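Written below as structure tokens is the structure these notes are about.
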Amino acid sequence: MAQGFQSTRVLERLRGVGFVALVSGLTGLGVGALSFFNTIGPMLVPIVLGLLVFGLVFLLLRMALRPKQSSESAQLAKDLVAFERSVDERMDGYRQALLDQQRLVAEQVATVTQRLDASHTVQNSATEALASQVDALKDQVARLEKQANPRSVAIPGEDAAAAQVPPIAVVPKAEAPINVKSVVANDGLSMHLQPIVDIAARKPVLYEAFMRVRSARGQFLEQAQFQKMANQGGLMPTINKKVLFSSLRMLRRLGEKQMRAGVLCQIAGQSLSDTKGFQEIAALLKAYAHMNDLIVIEVSQRTFNGLKDRERERLSLIADIGFPLSLGQADDVGFDPQVLFAKGFRYVRCPTSILLHADIDEGGGHTSREDFAAGLENAGLTLVAEGVEREQDALRLIDLNVMYGQGSLFAPPRPVKPELLQAPSFEAASPRVSAGG
């Protein structure tokens with residue numbers, strides 16, 4: 001390839017030199033002819049001689065520059081040869097890479113084929129096993145039929161309808177009603193915990209504690225249904241006391257180093273209005289006042305708004321003992337955060353639907369959701385979003401400066417291990433308070 005290119009360049013140069021010599025010769029002959037036949041010949045002789053001298057000089061210069069051009073052509077030919085060699089090497093590399101890729105694809109195809117063959121083998125064996133089971137069942141049915149009709153007496157056609165046994169109508173049994181009082185008395189409640197987490201870090205900061213009860217079918221009742229049944233039976237003071245006592249016992253058994261997140265325990269309006277029930281709860285809180293940084297007492301907003309003066313005094317007594325209060329299910333945000341803080345409240349739990357899907361009406365006008373969260377924070381209250389179910393809701397809550405949340409997105413309620421609710425070995429030296437009704 002390079003040699004052909006170099007030969008082409010040399011031929012072009014020779015053609016250029018020959019052309020100049022031919023032009024110079026023809027010019028000289030033409031002038032000589034004119035000088036011979038015309039009287040102006042003596043005047044053209046200097047011009048002809050000049051052209052001949054110019055042609056000779058041009059020819060000599062071309063001959064002098066030829067070695068240099070030849071060397072440049074040789075270098076160019078070398079560069080072309082090197083470029084051609086590099087192209088060949090790259091092409092060889094591409095061919096090898098394609099061969100390697102082809103080999104790898106062939107190995108993968110072989111592996112997939114082997115797996116498919118193995119899968120078909122397993123399916124065929126499973127099908128054969130099922131066929132064997134079906135044959136065995138058919139044999140068993142035949143034996144049963146023979147036992148039922150050992151003489152193989154044929155049933156007449158007209159009596160065939162009478163011989164058929166009508167299907168038995170299966171009427172589903174209604175689930176037996178739960179005797180909540182009996183369940184509570186026999187310690188049949190199951191304590192559950194659900195975390196309240198830092199939404200960004202997904203780290204628990206509190207655990208809500210509550211009791212759940214199973215139905216006759218073994219499923220846990222909805223918490224709202226269970227609380228309604230307990231309220232109707234006047235059992236909430238006993239249940240609240242059981243939750244509080246079990247939480248304190250669990251915290252003592254784990255120890256403060258292992259249980260770094262506190263526990264939130266609800267207290268119902270019945271527990272504040274029932275004198276005996278509240279006295280027992282107050283005595284329990286006073287006995288464990290040194291653990292007030294790990295227990296938060298919560299009342300629902302509906303309960304708090306309906307409290308009478310005596311019941312408000314009893315709630316204030318809990319705050320005076322040192323236990324922080326929480327306002328739960330706060331779907332009406334027309335309250336003064338400063339007043340709540342002065343009454344001992346440190347937490348407000350508000351439904352996520354209220355925080356995300358509506359402007360907040362404080363009674364005197366609308367305010368933005370961002371301002372609502374900031375106002376609680378400035379008053380010293382921690383806002384917790386209840387019922388966080390979707391990841392996009394969690395991200396929107398962070399944008400609204402709502403740092404804490406609770407819901408199935410983070411963790412569902414989980415039962416507490418029974419061994420954590422047993423009395424620790426050192427509890428005998430501590431104040432003894434009964435959790436019974």
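Following the order of the structure tokens, chains are lettered A, B, ..., residues in each are numbered from 1, and ligands are numbered from 1.
The list of residues with at least one atom within 10 Å of Gln223 in chain A, based on only C-alpha atoms and without residues fewer than 5 positions apart in the same chain, reads A:Phe210, A:Met211, A:Arg212, A:Val213, A:Lys228, A:Met229.
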Could you write out the selected residues, including C-alpha atoms, as a PDB file, in the first residue's frame?
```pdb
ATOM      1  CA  PHE A 210     -51.499  -0.861  74.743  1.00  0.00           C
ATOM      2  CA  MET A 211     -53.378  -4.071  75.428  1.00  0.00           C
ATOM      3  CA  ARG A 212     -55.020  -6.185  72.733  1.00  0.00           C
ATOM      4  CA  VAL A 213     -57.400  -9.141  72.919  1.00  0.00           C
ATOM      5  CA  LYS A 228     -65.413   0.588  73.103  1.00  0.00           C
ATOM      6  CA  MET A 229     -66.201  -2.772  74.723  1.00  0.00           C
TER       7      MET A 229
END
```
May I have all residues of range 183-410 of chain A that DSSP, computed from the backbone, assigns to strand (DSSP E or B), given as a PDB file with C-alpha atoms, in the first residue's frame?
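After the write, states-v6.pdb holds the following:
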```
ATOM      1  CA  SER A 190     -51.693  -9.249  75.238  1.00  0.00           C
ATOM      2  CA  MET A 191     -49.455  -6.198  75.588  1.00  0.00           C
ATOM      3  CA  HIS A 192     -48.206  -4.657  72.331  1.00  0.00           C
ATOM      4  CA  LEU A 193     -45.710  -1.942  71.459  1.00  0.00           C
ATOM      5  CA  GLN A 194     -45.591   0.267  68.362  1.00  0.00           C
ATOM      6  CA  PRO A 195     -42.637   2.633  67.853  1.00  0.00           C
ATOM      7  CA  ILE A 196     -42.764   6.378  67.392  1.00  0.00           C
ATOM      8  CA  VAL A 197     -39.706   7.130  65.279  1.00  0.00           C
ATOM      9  CA  ASP A 198     -37.526   9.946  64.075  1.00  0.00           C
ATOM     10  CA  LYS A 203     -34.904   5.465  64.970  1.00  0.00           C
ATOM     11  CA  PRO A 204     -37.452   4.882  67.777  1.00  0.00           C
ATOM     12  CA  VAL A 205     -37.824   7.705  70.284  1.00  0.00           C
ATOM     13  CA  LEU A 206     -40.917   6.328  72.061  1.00  0.00           C
ATOM     14  CA  TYR A 207     -43.033   3.178  72.104  1.00  0.00           C
ATOM     15  CA  GLU A 208     -46.803   3.342  72.468  1.00  0.00           C
ATOM     16  CA  ALA A 209     -47.970   0.563  74.796  1.00  0.00           C
ATOM     17  CA  PHE A 210     -51.499  -0.861  74.743  1.00  0.00           C
ATOM     18  CA  MET A 211     -53.378  -4.071  75.428  1.00  0.00           C
ATOM     19  CA  ARG A 212     -55.020  -6.185  72.733  1.00  0.00           C
ATOM     20  CA  ARG A 214     -57.944 -12.030  70.534  1.00  0.00           C
ATOM     21  CA  PHE A 220     -56.735  -9.501  67.376  1.00  0.00           C
ATOM     22  CA  GLY A 262     -39.449   5.716  76.577  1.00  0.00           C
ATOM     23  CA  VAL A 263     -42.979   4.281  76.652  1.00  0.00           C
ATOM     24  CA  LEU A 264     -46.226   6.176  76.036  1.00  0.00           C
ATOM     25  CA  CYS A 265     -49.210   4.922  78.047  1.00  0.00           C
ATOM     26  CA  GLN A 266     -52.755   6.160  77.502  1.00  0.00           C
ATOM     27  CA  ILE A 295     -42.914   7.169  80.796  1.00  0.00           C
ATOM     28  CA  VAL A 296     -45.272   9.554  78.976  1.00  0.00           C
ATOM     29  CA  ILE A 297     -48.955   9.682  79.990  1.00  0.00           C
ATOM     30  CA  GLU A 298     -51.385  10.477  77.168  1.00  0.00           C
ATOM     31  CA  VAL A 299     -55.026  11.550  77.091  1.00  0.00           C
ATOM     32  CA  SER A 300     -56.991  11.922  73.887  1.00  0.00           C
ATOM     33  CA  LEU A 325     -48.223  14.494  79.264  1.00  0.00           C
ATOM     34  CA  SER A 326     -49.227  13.932  75.655  1.00  0.00           C
ATOM     35  CA  LEU A 327     -52.352  15.085  73.793  1.00  0.00           C
ATOM     36  CA  GLY A 328     -53.434  12.271  71.466  1.00  0.00           C
ATOM     37  CA  PHE A 345     -47.951  18.641  78.075  1.00  0.00           C
ATOM     38  CA  ARG A 346     -44.808  17.929  76.073  1.00  0.00           C
ATOM     39  CA  TYR A 347     -46.199  15.960  73.083  1.00  0.00           C
ATOM     40  CA  VAL A 348     -49.056  16.418  70.594  1.00  0.00           C
ATOM     41  CA  ARG A 349     -50.056  13.510  68.331  1.00  0.00           C
ATOM     42  CA  CYS A 350     -51.950  14.668  65.264  1.00  0.00           C
ATOM     43  CA  PRO A 351     -53.356  12.535  62.393  1.00  0.00           C
ATOM     44  CA  ILE A 360     -55.164  24.397  59.597  1.00  0.00           C
ATOM     45  CA  ASP A 361     -57.807  26.554  61.229  1.00  0.00           C
ATOM     46  CA  HIS A 366     -56.107  29.905  58.591  1.00  0.00           C
ATOM     47  CA  THR A 367     -52.434  29.256  59.033  1.00  0.00           C
ATOM     48  CA  THR A 382     -43.049  17.830  70.133  1.00  0.00           C
ATOM     49  CA  LEU A 383     -45.385  17.132  67.215  1.00  0.00           C
ATOM     50  CA  VAL A 384     -45.949  13.476  66.257  1.00  0.00           C
ATOM     51  CA  ALA A 385     -47.749  12.463  63.056  1.00  0.00           C
ATOM     52  CA  GLU A 386     -50.097   9.504  63.589  1.00  0.00           C
ATOM     53  CA  TYR A 404     -41.568  12.324  64.463  1.00  0.00           C
ATOM     54  CA  GLY A 405     -44.114   9.851  63.124  1.00  0.00           C
ATOM     55  CA  GLN A 406     -45.924   6.605  63.849  1.00  0.00           C
TER      56      GLN A 406
END
```
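Going from CA of Leu395 in chain A over to CA of Pro413 in chain A, you cover 22.1 Å.
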Spatial neighbours of Arg312 in chain A, 12 Å, only C-alpha atoms, chain gap at least 4 places, as a list in words
Gly269, Ser271, Leu272, Ser273, Val299, Thr303, Phe304, Asn305, Gly306, Leu307, Lys308, Ser316, Leu317, Ile318, Ala319, Lys343 and Gly344 of chain A
Selection from above, N, CA, C and O atoms, as a tab-separated table (two decimals), in the first residue's frame, can you write it?
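Writing done, so here's result.tsv:
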```tsv
chain	number	residue	atom	x	y	z
A	269	GLY	N	-60.69	8.59	80.21
A	269	GLY	CA	-61.47	9.46	81.09
A	269	GLY	C	-62.02	8.71	82.29
A	269	GLY	O	-62.14	9.28	83.38
A	271	SER	N	-60.54	6.45	83.97
A	271	SER	CA	-59.48	6.33	84.98
A	271	SER	C	-59.32	7.61	85.78
A	271	SER	O	-58.89	7.55	86.94
A	272	LEU	N	-59.66	8.74	85.19
A	272	LEU	CA	-59.57	10.01	85.92
A	272	LEU	C	-60.81	10.30	86.74
A	272	LEU	O	-60.75	10.98	87.77
A	273	SER	N	-61.95	9.78	86.30
A	273	SER	CA	-63.20	10.04	87.03
A	273	SER	C	-63.44	9.02	88.15
A	273	SER	O	-64.11	9.33	89.13
A	299	VAL	N	-53.57	11.51	77.13
A	299	VAL	CA	-55.03	11.55	77.09
A	299	VAL	C	-55.43	12.02	75.70
A	299	VAL	O	-54.74	12.84	75.08
A	303	THR	N	-61.08	13.35	75.26
A	303	THR	CA	-61.14	13.16	76.71
A	303	THR	C	-60.73	14.44	77.44
A	303	THR	O	-61.38	14.86	78.40
A	304	PHE	N	-59.64	15.07	76.97
A	304	PHE	CA	-59.14	16.28	77.64
A	304	PHE	C	-60.17	17.41	77.59
A	304	PHE	O	-60.38	18.11	78.57
A	305	ASN	N	-60.83	17.58	76.44
A	305	ASN	CA	-61.82	18.66	76.32
A	305	ASN	C	-63.06	18.41	77.18
A	305	ASN	O	-63.76	19.36	77.55
A	306	GLY	N	-63.33	17.13	77.51
A	306	GLY	CA	-64.52	16.82	78.30
A	306	GLY	C	-64.26	16.64	79.78
A	306	GLY	O	-65.17	16.25	80.52
A	307	LEU	N	-63.05	16.91	80.25
A	307	LEU	CA	-62.74	16.72	81.67
A	307	LEU	C	-63.42	17.77	82.54
A	307	LEU	O	-63.51	18.95	82.17
A	308	LYS	N	-63.86	17.31	83.69
A	308	LYS	CA	-64.40	18.23	84.68
A	308	LYS	C	-63.25	18.75	85.56
A	308	LYS	O	-62.11	18.32	85.45
A	316	SER	N	-53.41	17.08	86.42
A	316	SER	CA	-52.32	17.96	86.84
A	316	SER	C	-51.45	17.30	87.89
A	316	SER	O	-50.24	17.54	87.95
A	317	LEU	N	-52.05	16.45	88.75
A	317	LEU	CA	-51.27	15.74	89.76
A	317	LEU	C	-50.24	14.82	89.10
A	317	LEU	O	-49.10	14.71	89.58
A	318	ILE	N	-50.62	14.18	88.00
A	318	ILE	CA	-49.67	13.32	87.29
A	318	ILE	C	-48.50	14.15	86.78
A	318	ILE	O	-47.33	13.74	86.87
A	319	ALA	N	-48.80	15.35	86.23
A	319	ALA	CA	-47.73	16.22	85.76
A	319	ALA	C	-46.87	16.70	86.92
A	319	ALA	O	-45.64	16.83	86.78
A	343	LYS	N	-49.63	23.32	81.29
A	343	LYS	CA	-50.35	22.26	82.00
A	343	LYS	C	-49.55	20.96	82.08
A	343	LYS	O	-50.05	19.96	82.58
A	344	GLY	N	-48.34	20.96	81.57
A	344	GLY	CA	-47.49	19.78	81.68
A	344	GLY	C	-47.40	18.94	80.42
A	344	GLY	O	-46.78	17.88	80.44
```
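Comparing the minimum interatomic distances between Asn401 in chain A and each of A:Leu49, A:Leu189, A:Met250, A:Leu355, counting only C-alpha atoms, we find that A:Leu355 sits nearest.
In this comparison, which uses only C-alpha atoms, the residue of A:Asp293, A:Gln102, A:Thr275, A:Gly387 approaching Gln329 in chain A most closely is A:Gly387.
Excluding range 378-380 of chain A and any residue on its chain fewer than 2 positions from it, the residues at most 10 Å away by only C-alpha atoms are Asp336, Pro337, Gln338, Val339, Leu340, Phe341, Ala342, Phe345, Arg346, Tyr347, Phe372, Ala373, Ala374, Gly375, Leu376, Thr382 and Leu383 of chain A.
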Based on the selection just made, write N, CA and C atoms of those residues as a tab-separated table (two decimals), in the first residue's frame.
```tsv
chain	number	residue	atom	x	y	z
A	336	ASP	N	-54.13	26.56	72.22
A	336	ASP	CA	-52.98	27.43	72.46
A	336	ASP	C	-51.81	26.56	72.94
A	337	PRO	N	-50.74	26.46	72.17
A	337	PRO	CA	-49.61	25.59	72.59
A	337	PRO	C	-49.00	26.03	73.92
A	338	GLN	N	-48.97	27.33	74.18
A	338	GLN	CA	-48.38	27.80	75.43
A	338	GLN	C	-49.19	27.32	76.64
A	339	VAL	N	-50.52	27.32	76.51
A	339	VAL	CA	-51.38	26.86	77.60
A	339	VAL	C	-51.15	25.37	77.84
A	340	LEU	N	-51.06	24.58	76.76
A	340	LEU	CA	-50.80	23.15	76.91
A	340	LEU	C	-49.47	22.90	77.61
A	341	PHE	N	-48.45	23.63	77.23
A	341	PHE	CA	-47.14	23.44	77.86
A	341	PHE	C	-47.21	23.77	79.35
A	342	ALA	N	-47.95	24.82	79.70
A	342	ALA	CA	-48.06	25.20	81.11
A	342	ALA	C	-48.78	24.12	81.93
A	345	PHE	N	-48.01	19.40	79.33
A	345	PHE	CA	-47.95	18.64	78.08
A	345	PHE	C	-46.62	18.90	77.37
A	346	ARG	N	-46.07	17.83	76.82
A	346	ARG	CA	-44.81	17.93	76.07
A	346	ARG	C	-44.93	17.34	74.67
A	347	TYR	N	-46.01	16.59	74.39
A	347	TYR	CA	-46.20	15.96	73.08
A	347	TYR	C	-47.61	16.23	72.59
A	372	PHE	N	-47.78	25.91	61.77
A	372	PHE	CA	-48.35	25.15	62.89
A	372	PHE	C	-47.27	24.33	63.58
A	373	ALA	N	-46.45	23.60	62.80
A	373	ALA	CA	-45.39	22.80	63.39
A	373	ALA	C	-44.37	23.68	64.09
A	374	ALA	N	-44.03	24.81	63.49
A	374	ALA	CA	-43.06	25.71	64.11
A	374	ALA	C	-43.61	26.30	65.39
A	375	GLY	N	-44.93	26.61	65.42
A	375	GLY	CA	-45.51	27.16	66.64
A	375	GLY	C	-45.47	26.18	67.80
A	376	LEU	N	-45.71	24.89	67.52
A	376	LEU	CA	-45.61	23.89	68.59
A	376	LEU	C	-44.18	23.77	69.08
A	382	THR	N	-43.52	18.70	71.22
A	382	THR	CA	-43.05	17.83	70.13
A	382	THR	C	-44.26	17.30	69.37
A	383	LEU	N	-44.28	17.56	68.07
A	383	LEU	CA	-45.39	17.13	67.22
A	383	LEU	C	-45.09	15.75	66.65
```
Nearby residues (only C-alpha atoms) at most 12 Å from Glu419 in chain A, same-chain spacing under 2 positions excluded, as a PyMOL selection string:
chain A and resi 246+249-250+253-254+415-417+421-424
CA of Val388 in chain A to CA of Met236 in chain A measures 26.8 Å
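Taking CA of Arg302 in chain A and CA of Gly234 in chain A as the two end points, the separation is 17.9 Å.
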